[in-house]
file model12.cif (mmCIF, C-alpha atoms)
data_query
#
loop_
_atom_site.label_atom_id
_atom_site.label_comp_id
_atom_site.auth_asym_id
_atom_site.auth_seq_id
_atom_site.Cartn_x
_atom_site.Cartn_y
_atom_site.Cartn_z
CA MET A 1 10.69 -42.90 40.10
CA SER A 2 10.70 -44.97 36.92
CA PHE A 3 9.06 -48.38 37.01
CA ARG A 4 11.68 -51.11 37.57
CA LEU A 5 11.70 -54.83 36.83
CA GLU A 6 14.09 -57.46 38.13
CA PRO A 7 15.07 -60.34 35.84
CA ALA A 8 14.46 -63.96 36.78
CA PRO A 9 17.35 -65.89 38.34
CA SER A 10 19.83 -66.92 35.68
CA PHE A 11 20.56 -70.53 34.84
CA ARG A 12 23.90 -70.09 36.62
CA GLU A 13 22.06 -69.07 39.80
CA ARG A 14 19.57 -71.91 39.49
CA LEU A 15 22.38 -74.46 39.14
CA ALA A 16 24.20 -72.99 42.14
CA SER A 17 21.11 -73.21 44.37
CA ALA A 18 19.86 -76.61 43.16
CA GLU A 19 19.90 -79.54 45.56
CA ARG A 20 19.54 -82.11 42.76
CA PRO A 21 20.24 -82.31 39.03
CA LEU A 22 18.02 -80.12 36.87
CA ILE A 23 15.98 -82.02 34.29
CA GLY A 24 14.73 -80.49 31.07
CA ALA A 25 13.42 -80.98 27.53
CA TRP A 26 14.12 -79.38 24.18
CA ILE A 27 11.81 -77.07 22.28
CA CYS A 28 12.54 -77.76 18.60
CA SER A 29 9.16 -77.35 16.91
CA GLY A 30 9.06 -73.57 17.03
CA SER A 31 5.51 -73.70 18.38
CA PRO A 32 4.68 -71.25 21.20
CA ILE A 33 1.89 -73.62 22.26
CA ALA A 34 4.39 -76.46 22.63
CA ALA A 35 6.74 -74.11 24.47
CA GLU A 36 4.02 -73.13 26.92
CA ILE A 37 3.06 -76.77 27.50
CA VAL A 38 6.69 -77.68 28.21
CA ALA A 39 7.15 -74.59 30.38
CA GLY A 40 4.16 -75.49 32.55
CA SER A 41 5.07 -79.15 32.91
CA GLY A 42 7.09 -78.96 36.12
CA LEU A 43 10.42 -79.50 34.35
CA ASP A 44 13.34 -77.43 35.62
CA TRP A 45 14.60 -76.06 32.31
CA THR A 46 14.11 -76.10 28.58
CA LEU A 47 16.42 -75.58 25.63
CA ILE A 48 15.11 -73.50 22.75
CA ASP A 49 17.10 -74.77 19.81
CA GLY A 50 18.21 -72.21 17.25
CA GLU A 51 20.80 -74.49 15.68
CA HIS A 52 19.00 -77.58 14.34
CA SER A 53 15.43 -76.34 14.01
CA PRO A 54 13.33 -73.75 12.13
CA ILE A 55 13.57 -71.44 15.16
CA GLY A 56 15.01 -68.02 14.29
CA LEU A 57 15.31 -64.71 16.08
CA GLU A 58 11.65 -63.66 15.97
CA SER A 59 10.33 -67.11 16.85
CA THR A 60 12.80 -67.26 19.76
CA LEU A 61 11.19 -64.10 21.08
CA ALA A 62 7.73 -65.68 20.83
CA LEU A 63 8.91 -68.85 22.57
CA LEU A 64 10.53 -66.88 25.40
CA GLN A 65 7.31 -64.91 25.85
CA ALA A 66 5.31 -68.15 25.95
CA ALA A 67 7.57 -69.60 28.66
CA ALA A 68 7.92 -66.39 30.68
CA PRO A 69 4.91 -66.83 33.02
CA TYR A 70 6.23 -70.19 34.26
CA PRO A 71 9.04 -71.04 36.71
CA ILE A 72 11.04 -73.00 34.12
CA ALA A 73 14.51 -71.75 33.11
CA PRO A 74 14.75 -71.29 29.32
CA LEU A 75 18.13 -71.58 27.59
CA VAL A 76 18.56 -70.55 23.98
CA ARG A 77 21.03 -72.35 21.76
CA VAL A 78 22.30 -69.89 19.17
CA PRO A 79 23.12 -71.14 15.66
CA SER A 80 26.86 -70.57 15.99
CA ASN A 81 29.59 -68.88 17.97
CA ASN A 82 29.03 -65.59 16.18
CA ALA A 83 29.21 -62.26 17.99
CA VAL A 84 26.50 -60.62 15.86
CA LEU A 85 24.04 -63.48 16.37
CA ILE A 86 24.81 -63.66 20.08
CA LYS A 87 24.16 -59.92 20.41
CA GLN A 88 20.81 -60.23 18.67
CA PHE A 89 19.63 -63.20 20.74
CA LEU A 90 20.66 -61.46 23.96
CA ASP A 91 18.82 -58.29 22.93
CA VAL A 92 15.52 -60.14 22.33
CA GLY A 93 15.74 -61.34 25.93
CA ALA A 94 17.59 -64.65 25.84
CA GLN A 95 18.95 -64.45 29.37
CA ASN A 96 20.68 -67.83 29.23
CA LEU A 97 22.67 -68.81 26.15
CA LEU A 98 24.16 -72.08 24.94
CA VAL A 99 26.87 -71.70 22.31
CA PRO A 100 27.49 -74.80 20.19
CA MET A 101 30.71 -76.27 18.82
CA VAL A 102 33.13 -74.77 21.33
CA ASN A 103 36.28 -76.75 20.61
CA SER A 104 39.02 -74.74 22.29
CA VAL A 105 39.86 -72.16 24.91
CA SER A 106 39.91 -69.47 22.23
CA ASP A 107 36.38 -70.47 21.12
CA ALA A 108 35.18 -70.20 24.72
CA GLU A 109 36.85 -66.83 25.19
CA ALA A 110 35.20 -65.55 22.01
CA ALA A 111 31.78 -66.65 23.29
CA VAL A 112 32.37 -64.91 26.61
CA ALA A 113 33.46 -61.69 24.90
CA ALA A 114 30.34 -61.70 22.72
CA THR A 115 28.07 -61.77 25.79
CA ARG A 116 29.74 -58.87 27.60
CA TYR A 117 29.77 -55.14 27.07
CA PRO A 118 33.08 -53.26 26.84
CA PRO A 119 35.50 -53.25 28.54
CA ARG A 120 34.69 -56.87 29.49
CA GLY A 121 33.85 -57.86 25.92
CA ILE A 122 32.58 -56.73 22.53
CA ARG A 123 28.78 -56.84 22.80
CA GLY A 124 27.15 -53.93 20.98
CA VAL A 125 25.11 -51.53 23.11
CA GLY A 126 21.42 -51.33 22.27
CA SER A 127 19.67 -52.33 25.49
CA ALA A 128 17.55 -49.18 25.75
CA LEU A 129 15.68 -50.38 22.65
CA ALA A 130 15.64 -54.06 23.56
CA ARG A 131 13.72 -56.61 25.57
CA ALA A 132 16.97 -57.69 27.27
CA GLY A 133 16.81 -54.81 29.73
CA GLN A 134 13.02 -54.52 29.62
CA TRP A 135 13.32 -51.30 27.59
CA GLY A 136 15.18 -49.51 30.38
CA ARG A 137 13.17 -50.98 33.22
CA THR A 138 15.97 -53.22 34.53
CA GLU A 139 18.00 -50.96 36.76
CA LYS A 140 21.63 -50.52 35.64
CA TYR A 141 21.30 -53.24 33.03
CA LEU A 142 24.44 -52.19 31.19
CA GLN A 143 26.52 -52.49 34.34
CA ARG A 144 24.85 -55.72 35.48
CA ALA A 145 24.33 -57.58 32.20
CA HIS A 146 27.22 -60.00 32.80
CA GLU A 147 25.64 -60.92 36.16
CA ILE A 148 22.08 -61.17 34.85
CA THR A 149 22.93 -63.41 31.89
CA SER A 150 24.52 -66.86 31.87
CA LEU A 151 26.68 -68.60 29.31
CA SER A 152 26.92 -72.33 28.70
CA VAL A 153 29.22 -73.74 26.05
CA GLN A 154 28.76 -76.99 24.20
CA ILE A 155 31.45 -79.66 23.97
CA GLU A 156 30.57 -81.98 21.12
CA THR A 157 33.76 -83.05 19.36
CA ASP A 158 36.66 -85.29 20.26
CA ALA A 159 38.98 -82.27 20.13
CA ALA A 160 36.80 -80.42 22.63
CA VAL A 161 36.79 -83.43 24.96
CA GLN A 162 40.59 -83.28 25.06
CA SER A 163 40.41 -79.61 26.14
CA ALA A 164 37.33 -79.92 28.35
CA ARG A 165 38.95 -78.86 31.61
CA ALA A 166 40.63 -75.82 30.07
CA ILE A 167 37.44 -74.78 28.26
CA ALA A 168 35.41 -75.07 31.46
CA ALA A 169 37.96 -73.02 33.39
CA VAL A 170 37.57 -69.97 31.14
CA ASP A 171 36.32 -67.03 33.20
CA GLY A 172 32.75 -66.26 32.12
CA VAL A 173 31.85 -69.82 31.15
CA ASP A 174 29.15 -70.73 33.65
CA SER A 175 28.54 -74.33 32.64
CA VAL A 176 29.36 -76.90 29.99
CA PHE A 177 26.86 -78.97 28.02
CA ILE A 178 27.88 -82.19 26.28
CA GLY A 179 26.37 -83.17 22.94
CA PRO A 180 26.84 -86.93 22.41
CA SER A 181 25.45 -86.96 18.85
CA ASP A 182 28.08 -84.74 17.27
CA LEU A 183 30.67 -86.20 19.62
CA ALA A 184 29.91 -89.68 18.27
CA ALA A 185 30.18 -88.38 14.71
CA SER A 186 33.55 -86.76 15.41
CA MET A 187 34.76 -90.11 16.76
CA GLY A 188 33.75 -91.93 13.57
CA LEU A 189 30.67 -93.39 15.26
CA LEU A 190 27.89 -91.46 13.52
CA GLY A 191 24.51 -92.23 15.08
CA GLN A 192 26.01 -94.38 17.84
CA GLN A 193 25.56 -92.25 20.94
CA GLU A 194 25.25 -95.43 23.03
CA HIS A 195 28.60 -96.82 21.85
CA PRO A 196 30.86 -97.61 24.84
CA ASP A 197 33.58 -95.28 23.52
CA VAL A 198 31.15 -92.38 23.28
CA ILE A 199 29.79 -93.02 26.77
CA ALA A 200 33.37 -93.17 28.08
CA ALA A 201 34.16 -89.84 26.39
CA VAL A 202 31.08 -88.24 27.94
CA GLU A 203 31.98 -89.53 31.39
CA HIS A 204 35.57 -88.32 30.95
CA THR A 205 34.25 -84.86 30.05
CA ILE A 206 31.98 -84.81 33.09
CA THR A 207 34.98 -85.57 35.30
CA GLU A 208 37.14 -82.91 33.63
CA VAL A 209 34.52 -80.16 33.83
CA LEU A 210 33.78 -80.91 37.47
CA ALA A 211 37.52 -80.76 38.17
CA ALA A 212 37.45 -77.22 36.79
CA GLY A 213 34.74 -76.36 39.29
CA LYS A 214 31.92 -75.84 36.79
CA PRO A 215 28.53 -77.55 36.41
CA VAL A 216 28.19 -79.94 33.49
CA GLY A 217 25.11 -81.15 31.62
CA VAL A 218 24.36 -83.67 28.92
CA ASN A 219 21.77 -84.65 26.34
CA ALA A 220 20.55 -88.24 26.80
CA PHE A 221 17.18 -89.55 25.64
CA VAL A 222 17.81 -93.15 26.77
CA PRO A 223 16.72 -93.18 30.44
CA ALA A 224 19.36 -95.63 31.62
CA THR A 225 22.11 -93.59 29.97
CA ALA A 226 20.77 -90.33 31.38
CA ARG A 227 20.75 -91.82 34.88
CA ARG A 228 24.28 -93.11 34.35
CA TYR A 229 25.50 -89.62 33.48
CA LEU A 230 23.64 -88.10 36.42
CA ASP A 231 25.24 -90.67 38.72
CA ALA A 232 28.61 -89.69 37.23
CA GLY A 233 28.05 -86.12 38.40
CA ALA A 234 26.09 -84.32 35.70
CA SER A 235 24.30 -81.31 37.14
CA PHE A 236 21.64 -81.02 34.44
CA ALA A 237 20.27 -83.07 31.58
CA LEU A 238 17.90 -82.97 28.63
CA VAL A 239 15.90 -86.18 28.47
CA ALA A 240 13.35 -85.50 25.69
CA ALA A 241 12.15 -82.95 23.14
CA ASP A 242 8.75 -81.61 22.20
CA VAL A 243 9.05 -83.17 18.73
CA SER A 244 10.32 -86.53 19.96
CA ILE A 245 7.55 -86.79 22.55
CA LEU A 246 4.94 -86.10 19.87
CA ALA A 247 6.58 -88.47 17.37
CA ARG A 248 6.84 -91.41 19.77
CA ALA A 249 3.37 -90.84 21.26
CA THR A 250 1.66 -90.71 17.86
CA GLU A 251 3.58 -93.80 16.72
CA LYS A 252 2.28 -95.60 19.79
CA LEU A 253 -1.26 -94.48 18.99
CA ALA A 254 -0.91 -95.88 15.50
CA ALA A 255 0.53 -99.15 16.81
CA ASP A 256 -2.22 -99.48 19.40
CA TRP A 257 -5.16 -98.69 17.13
CA ILE A 258 -4.26 -99.61 13.56
CA PRO A 259 -3.95 -103.25 12.48
CA THR A 260 -0.42 -104.35 11.67
CA ALA A 261 -1.23 -105.13 8.03
CA ASP A 262 -2.42 -101.56 7.46
CA THR A 263 0.71 -100.20 9.10
CA ALA A 264 2.95 -102.38 6.92
CA GLU A 265 1.07 -101.22 3.81
CA ARG A 266 1.59 -97.56 4.68
CA GLU A 267 5.29 -98.11 5.32
CA SER A 268 5.70 -99.67 1.85
CA TYR A 269 4.92 -96.36 0.09
#
call {"tool": "encode", "arguments": {"input": "model12.cif", "output": "structure tokens"}}
result
Amino acid sequence: MSFRLEPAPSFRERLASAERPLIGAWICSGSPIAAEIVAGSGLDWTLIDGEHSPIGLESTLALLQAAAPYPIAPLVRVPSNNAVLIKQFLDVGAQNLLVPMVNSVSDAEAAVAATRYPPRGIRGVGSALARAGQWGRTEKYLQRAHEITSLSVQIETDAAVQSARAIAAVDGVDSVFIGPSDLAASMGLLGQQEHPDVIAAVEHTITEVLAAGKPVGVNAFVPATARRYLDAGASFALVAADVSILARATEKLAADWIPTADTAERESY
């Protein structure tokens, strides 16, 4: 008998079995060392960002390999809702995908189709040569791929907020993730994620997605805001990033150890 491997539980399965909200952090640096540190931290999940970072297909593979020995659930945000890109990221072993800028039901349906083999979708067949099915070691991968993988879609515009319940209800969408930064920008409030109107839009989206019977997550680096969204019903949240942790910690080191006059002089350059 051929050697067989079973995939880890998908993010969909982890959300379904969780007794509390799942807390995570971004990986944006592209560093496998940073990914392994985050993966071994005790956090529930991490988002490998292929949209707003230098992380591409090959570096995603390295980051997934770095996180693999740990119990954390890695999600990969693809650069766009593009069937070719989605196919490639799935084939390198991204079991859990986040698709950005899903603004409508048709966008959500396109993302679902890209993650599924025919006749359920349009994903190209290459699993025998790919890490996705462990090079043929995952039994009946082609038949089970839609069960093994999970799909989250990102609501991050005012238009998407208006269609949140319908987007969440699309068959094959496992969860919805809210991006307050782009949402604020689409509302004419660029850089104002803490604006009351943005917070209200996020809370409205949480309510709408829950009404559709799907888990909903959010990005929130301000602790009080993150707790507010969790209290409103969010099932998962990102509360930091590898790069932001390093940036804020090194700034604190500088503030603690370097005289203020020297700091002011550096900032004048």
call {"tool": "resolve_selection", "arguments": {"input": "model12.cif", "expression": "the PyMOL selection byres ((chain A and resi 13) around 10)", "output": "ChimeraX atom specification"}}
result
/A:8-12,14-18,147-150,174
call {"tool": "resolve_selection", "arguments": {"input": "model12.cif", "expression": "the PyMOL selection byres ((chain A and resi 101) around 7)", "output": "PyMOL selection string"}}
result
chain A and resi 99-100+102-103+154-156
call {"tool": "atom_distance", "arguments": {"input": "model12.cif", "atom1": "CA of Pro119 in chain A", "atom2": "CA of Gln143 in chain A"}}
result
10.7 Å
call {"tool": "residues_around", "arguments": {"input": "model12.cif", "residues": "range 229-237 of chain A", "least_positions_apart": "4", "cutoff": "6 Å", "atoms": "all atoms listed in the file", "output": "ChimeraX atom specification"}}
result
/A:21-23,215-219
call {"tool": "resolve_selection", "arguments": {"input": "model12.cif", "expression": "the PyMOL selection byres ((chain A and resi 76) around 10)", "output": "VMD selection string"}}
result
chain A and resid 26 to 27 46 to 51 60 63 to 64 74 to 75 77 to 79 89 to 90 93 to 99 151 to 152
call {"tool": "residues_around", "arguments": {"input": "model12.cif", "residues": "range 67-73 of chain A", "least_positions_apart": "6", "cutoff": "7 Å", "atoms": "all atoms listed in the file", "output": "ChimeraX atom specification"}}
result
/A:11,35-36,39-40,43-46
call {"tool": "atom_distance", "arguments": {"input": "model12.cif", "atom1": "CA of Ile206 in chain A", "atom2": "CA of Ser244 in chain A"}}
result
25.4 Å
call {"tool": "residues_around", "arguments": {"input": "model12.cif", "residues": "Gly191 in chain A", "least_positions_apart": "3", "cutoff": "8 Å", "atoms": "all atoms listed in the file", "output": "list in words"}}
result
Ser181, Ala184 and Ala185 of chain A
call {"tool": "atom_distance", "arguments": {"input": "model12.cif", "atom1": "CA of Thr157 in chain A", "atom2": "CA of Ser186 in chain A"}}
result
5.4 Å
call {"tool": "closest_residue", "arguments": {"input": "model12.cif", "among": "A:Ile258, A:Asp171, A:Glu194, A:Phe221", "to": "Arg120 in chain A", "atoms": "only C-alpha atoms"}}
result
A:Asp171
